[in-house]
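Peer 1: This is input02.cif, which holds mmCIF, C-alpha atoms, pLDDT in the B column; chains and numbers go by the auth columns:
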data_work
loop_
_atom_site.group_PDB
_atom_site.id
_atom_site.type_symbol
_atom_site.label_atom_id
_atom_site.label_comp_id
_atom_site.label_asym_id
_atom_site.label_seq_id
_atom_site.Cartn_x
_atom_site.Cartn_y
_atom_site.Cartn_z
_atom_site.B_iso_or_equiv
_atom_site.auth_seq_id
_atom_site.auth_asym_id
ATOM 1 C CA MET A 1 -16.248 22.541 -13.744 55.00 289 K
ATOM 2 C CA ASN A 2 -16.492 20.877 -17.121 65.00 290 K
ATOM 3 C CA GLN A 3 -13.653 18.308 -16.977 68.00 291 K
ATOM 4 C CA PRO A 4 -13.652 15.135 -19.040 82.00 292 K
ATOM 5 C CA ILE A 5 -14.899 12.109 -17.103 84.00 293 K
ATOM 6 C CA TRP A 6 -11.539 10.300 -17.316 85.00 294 K
ATOM 7 C CA LYS A 7 -9.830 13.135 -15.444 89.00 295 K
ATOM 8 C CA LYS A 8 -12.372 12.916 -12.630 89.00 296 K
ATOM 9 C CA ASN A 9 -11.978 9.138 -12.478 89.00 297 K
ATOM 10 C CA LEU A 10 -8.187 9.422 -12.427 93.00 298 K
ATOM 11 C CA LEU A 11 -8.400 11.919 -9.579 93.00 299 K
ATOM 12 C CA LEU A 12 -10.710 9.604 -7.611 93.00 300 K
ATOM 13 C CA VAL A 13 -8.405 6.600 -8.121 94.00 301 K
ATOM 14 C CA ALA A 14 -5.409 8.665 -6.971 96.00 302 K
ATOM 15 C CA LEU A 15 -7.371 9.787 -3.913 96.00 303 K
ATOM 16 C CA VAL A 16 -8.247 6.179 -3.014 94.00 304 K
ATOM 17 C CA ILE A 17 -4.588 5.159 -3.319 95.00 305 K
ATOM 18 C CA VAL A 18 -3.498 8.044 -1.073 95.00 306 K
ATOM 19 C CA ILE A 19 -6.172 7.223 1.533 94.00 307 K
ATOM 20 C CA ALA A 20 -5.025 3.576 1.594 89.00 308 K
ATOM 21 C CA ALA A 21 -1.274 4.283 1.570 90.00 309 K
ATOM 22 C CA VAL A 22 -0.995 7.102 4.119 90.00 310 K
ATOM 23 C CA PRO A 23 -1.898 5.005 7.214 85.00 311 K
ATOM 24 C CA LEU A 24 0.432 2.218 6.098 83.00 312 K
ATOM 25 C CA TYR A 25 3.291 4.698 5.627 86.00 313 K
ATOM 26 C CA PHE A 26 2.886 6.570 8.911 87.00 314 K
ATOM 27 C CA LEU A 27 2.007 3.537 11.083 84.00 315 K
ATOM 28 C CA LYS A 28 4.785 1.161 10.045 81.00 316 K
ATOM 29 C CA ASP A 29 4.822 -0.923 13.235 81.00 317 K
ATOM 30 C CA ALA A 30 1.056 -1.024 13.738 79.00 318 K
ATOM 31 C CA GLU A 31 -0.837 -4.287 13.795 76.00 319 K
ATOM 32 C CA PHE A 32 -3.982 -4.214 11.690 71.00 320 K
ATOM 33 C CA SER A 33 -5.958 -7.078 13.180 70.00 321 K
ATOM 34 C CA GLY A 34 -9.612 -7.894 12.844 71.00 322 K
ATOM 35 C CA ALA A 35 -12.264 -6.715 15.240 75.00 323 K
ATOM 36 C CA ASP A 36 -13.202 -10.296 16.195 71.00 324 K
ATOM 37 C CA GLY A 37 -9.855 -10.987 17.829 72.00 325 K
ATOM 38 C CA GLU A 38 -9.858 -7.626 19.611 81.00 326 K
ATOM 39 C CA ALA A 39 -13.390 -8.173 20.925 83.00 327 K
ATOM 40 C CA MET A 40 -12.566 -11.639 22.251 80.00 328 K
ATOM 41 C CA GLY A 41 -9.586 -10.265 24.165 82.00 329 K
ATOM 42 C CA ILE A 42 -11.677 -7.495 25.733 88.00 330 K
ATOM 43 C CA ILE A 43 -14.466 -9.926 26.687 88.00 331 K
ATOM 44 C CA GLU A 44 -12.003 -12.337 28.318 86.00 332 K
ATOM 45 C CA GLU A 45 -10.492 -9.427 30.233 89.00 333 K
ATOM 46 C CA ALA A 46 -13.872 -8.094 31.390 91.00 334 K
ATOM 47 C CA VAL A 47 -15.476 -11.480 32.214 90.00 335 K
ATOM 48 C CA PRO A 48 -12.785 -14.061 33.037 87.00 336 K
ATOM 49 C CA GLY A 49 -15.129 -17.088 33.122 87.00 337 K
ATOM 50 C CA TYR A 50 -16.929 -16.317 29.859 86.00 338 K
ATOM 51 C CA LYS A 51 -17.779 -19.340 27.725 85.00 339 K
ATOM 52 C CA VAL A 52 -18.581 -19.048 24.041 82.00 340 K
ATOM 53 C CA TRP A 53 -22.206 -20.111 23.424 85.00 341 K
ATOM 54 C CA ALA A 54 -22.136 -20.193 19.616 85.00 342 K
ATOM 55 C CA GLU A 55 -19.674 -21.771 17.205 85.00 343 K
ATOM 56 C CA PRO A 56 -19.335 -21.202 13.455 81.00 344 K
ATOM 57 C CA PHE A 57 -21.024 -23.752 11.183 85.00 345 K
ATOM 58 C CA LEU A 58 -18.039 -23.930 8.881 84.00 346 K
ATOM 59 C CA GLU A 59 -14.454 -23.111 9.791 85.00 347 K
ATOM 60 C CA PRO A 60 -12.250 -22.175 6.799 85.00 348 K
ATOM 61 C CA ALA A 61 -9.219 -24.432 6.362 87.00 349 K
ATOM 62 C CA SER A 62 -6.741 -21.537 6.488 88.00 350 K
ATOM 63 C CA GLY A 63 -6.431 -17.797 6.940 83.00 351 K
ATOM 64 C CA GLU A 64 -5.969 -17.356 3.199 90.00 352 K
ATOM 65 C CA ILE A 65 -9.300 -19.026 2.460 90.00 353 K
ATOM 66 C CA GLU A 66 -10.969 -16.909 5.129 86.00 354 K
ATOM 67 C CA SER A 67 -9.508 -13.756 3.552 88.00 355 K
ATOM 68 C CA MET A 68 -10.627 -14.892 0.103 92.00 356 K
ATOM 69 C CA LEU A 69 -14.181 -15.494 1.330 91.00 357 K
ATOM 70 C CA PHE A 70 -14.226 -12.088 2.996 91.00 358 K
ATOM 71 C CA ALA A 71 -12.996 -10.425 -0.215 94.00 359 K
ATOM 72 C CA LEU A 72 -15.583 -12.343 -2.255 95.00 360 K
ATOM 73 C CA GLN A 73 -18.314 -11.191 0.120 96.00 361 K
ATOM 74 C CA ALA A 74 -17.130 -7.589 -0.233 96.00 362 K
ATOM 75 C CA ALA A 75 -16.995 -7.876 -4.030 97.00 363 K
ATOM 76 C CA VAL A 76 -20.509 -9.314 -4.263 97.00 364 K
ATOM 77 C CA GLY A 77 -21.817 -6.572 -1.967 96.00 365 K
ATOM 78 C CA ALA A 78 -20.083 -3.875 -3.998 96.00 366 K
ATOM 79 C CA GLY A 79 -21.505 -5.374 -7.198 96.00 367 K
ATOM 80 C CA ILE A 80 -25.028 -5.314 -5.785 97.00 368 K
ATOM 81 C CA VAL A 81 -24.659 -1.723 -4.570 96.00 369 K
ATOM 82 C CA GLY A 82 -23.209 -0.670 -7.938 94.00 370 K
ATOM 83 C CA PHE A 83 -25.999 -2.413 -9.822 95.00 371 K
ATOM 84 C CA VAL A 84 -28.713 -0.752 -7.723 94.00 372 K
ATOM 85 C CA LEU A 85 -27.102 2.681 -7.999 93.00 373 K
ATOM 86 C CA GLY A 86 -26.758 2.225 -11.759 91.00 374 K
ATOM 87 C CA ARG A 87 -30.414 1.255 -12.118 91.00 375 K
ATOM 88 C CA VAL A 88 -31.569 4.189 -9.986 88.00 376 K
ATOM 89 C CA THR A 89 -29.373 6.600 -11.950 86.00 377 K
ATOM 90 C CA ALA A 90 -30.549 5.234 -15.311 85.00 378 K
ATOM 91 C CA ARG A 91 -34.187 5.370 -14.236 79.00 379 K
ATOM 92 C CA GLY A 92 -33.763 9.009 -13.185 68.00 380 K
ATOM 93 C CA LYS A 93 -32.364 9.907 -16.626 71.00 381 K
ATOM 94 C CA THR A 94 -35.223 8.207 -18.501 68.00 382 K
ATOM 95 C CA ASP A 95 -37.873 9.798 -16.248 59.00 383 K
ATOM 96 C CA ASP A 96 -36.498 13.272 -17.008 55.00 384 K
ATOM 97 C CA ARG A 97 -36.962 12.779 -20.770 57.00 385 K
ATOM 98 C CA ASP A 98 -40.644 11.878 -20.559 50.00 386 K
#
Would you put the structure from the file into structure tokens?

Peer 2:
Amino acid sequence: MNQPIWKKNLLLVALVIVIAAVPLYFLKDAEFSGADGEAMGIIEEAVPGYKVWAEPFLEPASGEIESMLFALQAAVGAGIVGFVLGRVTARGKTDDRD
């Protein structure tokens, strides 16, 4: 399988788009909520008198800011993972030449 790299990358991008779009297409009326809200509802149902014992240090001003911070956290994490994988891959190539 000796395809040019751009064809492989194009196939991977198309696959990511399909994986993201298929659930949205087939589950049109579904609510995609966060796990925090779901967990709180289940805890309140299981233990009616439960009191929260920890509060966040900083509460974002709006849902948009919270989403932006979450996306920033994901981007920084992906950058770190990509950097480490790139370094490991590059080191493996230079070790093979020695």

Peer 1: Could you jot down the atom CA of K:Glu354 to atom CA of K:Asp324 separation for me, Å, one decimal place?

Peer 2: 13.1 Å

Peer 1: Quick check, in Å to one decimal: how far apart do atom CA of K:Leu299 and atom CA of K:Lys316 lie?

Peer 2: 26.0 Å

Peer 1: Do you have the atom CA of K:Lys339-atom CA of K:Gly325 distance handy?

Peer 2: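 These two atoms are separated by 15.2 Å.
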
Peer 1: Taking all listed atoms of stretch 366-379 of chain K, build the axis-aligned box, pad each of the six sides by 6 Å, then write its centre and edge lengths in Å to one decimal as lines of an AutoDock Vina configuration file.

Peer 2:
center_x = -27.1
center_y = 0.6
center_z = -9.7
size_x = 26.1
size_y = 24.0
size_z = 23.3

Peer 1: Determine, counting all atoms listed in the file, which protein, DNA and RNA residues have an atom within 12 Å of an atom of stretch 346-352 of chain K; residues of the same chain fewer than 6 positions away are not included. Present the result as a PyMOL selection string.

Peer 2: chain K and resi 322+358-359

Peer 1: Could you add N, CA and C atoms to stretch 317-343 of chain K and give me the result as an mmCIF file, keeping the file's coordinate frame?

Peer 2:
data_model
loop_
_atom_site.group_PDB
_atom_site.id
_atom_site.type_symbol
_atom_site.label_atom_id
_atom_site.label_comp_id
_atom_site.auth_asym_id
_atom_site.auth_seq_id
_atom_site.Cartn_x
_atom_site.Cartn_y
_atom_site.Cartn_z
ATOM 1 N N ASP K 317 4.767 0.189 12.296
ATOM 2 C CA ASP K 317 4.822 -0.923 13.235
ATOM 3 C C ASP K 317 3.453 -1.305 13.785
ATOM 4 N N ALA K 318 2.400 -0.748 13.242
ATOM 5 C CA ALA K 318 1.056 -1.024 13.738
ATOM 6 C C ALA K 318 0.599 -2.413 13.297
ATOM 7 N N GLU K 319 -0.239 -3.000 14.133
ATOM 8 C CA GLU K 319 -0.837 -4.287 13.795
ATOM 9 C C GLU K 319 -2.283 -4.041 13.399
ATOM 10 N N PHE K 320 -2.620 -4.382 12.168
ATOM 11 C CA PHE K 320 -3.982 -4.214 11.690
ATOM 12 C C PHE K 320 -4.680 -5.564 11.813
ATOM 13 N N SER K 321 -5.279 -5.803 12.959
ATOM 14 C CA SER K 321 -5.958 -7.078 13.180
ATOM 15 C C SER K 321 -7.460 -6.868 13.083
ATOM 16 N N GLY K 322 -8.166 -7.967 12.964
ATOM 17 C CA GLY K 322 -9.612 -7.894 12.844
ATOM 18 C C GLY K 322 -10.293 -7.559 14.154
ATOM 19 N N ALA K 323 -11.505 -7.101 14.063
ATOM 20 C CA ALA K 323 -12.264 -6.715 15.240
ATOM 21 C C ALA K 323 -12.663 -7.931 16.076
ATOM 22 N N ASP K 324 -12.798 -9.101 15.454
ATOM 23 C CA ASP K 324 -13.202 -10.296 16.195
ATOM 24 C C ASP K 324 -12.171 -10.666 17.257
ATOM 25 N N GLY K 325 -10.913 -10.655 16.878
ATOM 26 C CA GLY K 325 -9.855 -10.987 17.829
ATOM 27 C C GLY K 325 -9.748 -9.960 18.948
ATOM 28 N N GLU K 326 -9.891 -8.689 18.606
ATOM 29 C CA GLU K 326 -9.858 -7.626 19.611
ATOM 30 C C GLU K 326 -11.024 -7.770 20.586
ATOM 31 N N ALA K 327 -12.204 -8.044 20.075
ATOM 32 C CA ALA K 327 -13.390 -8.173 20.925
ATOM 33 C C ALA K 327 -13.243 -9.354 21.874
ATOM 34 N N MET K 328 -12.734 -10.457 21.394
ATOM 35 C CA MET K 328 -12.566 -11.639 22.251
ATOM 36 C C MET K 328 -11.615 -11.345 23.398
ATOM 37 N N GLY K 329 -10.532 -10.626 23.117
ATOM 38 C CA GLY K 329 -9.586 -10.265 24.165
ATOM 39 C C GLY K 329 -10.219 -9.365 25.224
ATOM 40 N N ILE K 330 -11.018 -8.411 24.795
ATOM 41 C CA ILE K 330 -11.677 -7.495 25.733
ATOM 42 C C ILE K 330 -12.716 -8.236 26.565
ATOM 43 N N ILE K 331 -13.461 -9.152 25.946
ATOM 44 C CA ILE K 331 -14.466 -9.926 26.687
ATOM 45 C C ILE K 331 -13.789 -10.804 27.724
ATOM 46 N N GLU K 332 -12.708 -11.479 27.358
ATOM 47 C CA GLU K 332 -12.003 -12.337 28.318
ATOM 48 C C GLU K 332 -11.435 -11.519 29.470
ATOM 49 N N GLU K 333 -11.019 -10.295 29.182
ATOM 50 C CA GLU K 333 -10.492 -9.427 30.233
ATOM 51 C C GLU K 333 -11.605 -8.941 31.156
ATOM 52 N N ALA K 334 -12.761 -8.621 30.594
ATOM 53 C CA ALA K 334 -13.872 -8.094 31.390
ATOM 54 C C ALA K 334 -14.581 -9.189 32.174
ATOM 55 N N VAL K 335 -14.775 -10.363 31.566
ATOM 56 C CA VAL K 335 -15.476 -11.480 32.214
ATOM 57 C C VAL K 335 -14.589 -12.711 32.109
ATOM 58 N N PRO K 336 -13.764 -12.972 33.137
ATOM 59 C CA PRO K 336 -12.785 -14.061 33.037
ATOM 60 C C PRO K 336 -13.378 -15.448 32.788
ATOM 61 N N GLY K 337 -14.556 -15.755 33.282
ATOM 62 C CA GLY K 337 -15.129 -17.088 33.122
ATOM 63 C C GLY K 337 -16.056 -17.225 31.935
ATOM 64 N N TYR K 338 -15.996 -16.312 30.994
ATOM 65 C CA TYR K 338 -16.929 -16.317 29.859
ATOM 66 C C TYR K 338 -16.713 -17.539 28.979
ATOM 67 N N LYS K 339 -17.830 -18.198 28.631
ATOM 68 C CA LYS K 339 -17.779 -19.340 27.725
ATOM 69 C C LYS K 339 -18.541 -18.984 26.452
ATOM 70 N N VAL K 340 -17.956 -19.315 25.327
ATOM 71 C CA VAL K 340 -18.581 -19.048 24.041
ATOM 72 C C VAL K 340 -19.820 -19.928 23.904
ATOM 73 N N TRP K 341 -20.961 -19.345 23.532
ATOM 74 C CA TRP K 341 -22.206 -20.111 23.424
ATOM 75 C C TRP K 341 -22.610 -20.394 21.982
ATOM 76 N N ALA K 342 -21.843 -19.912 21.022
ATOM 77 C CA ALA K 342 -22.136 -20.193 19.616
ATOM 78 C C ALA K 342 -20.824 -20.457 18.886
ATOM 79 N N GLU K 343 -20.844 -21.417 18.011
ATOM 80 C CA GLU K 343 -19.674 -21.771 17.205
ATOM 81 C C GLU K 343 -20.026 -21.612 15.727
#
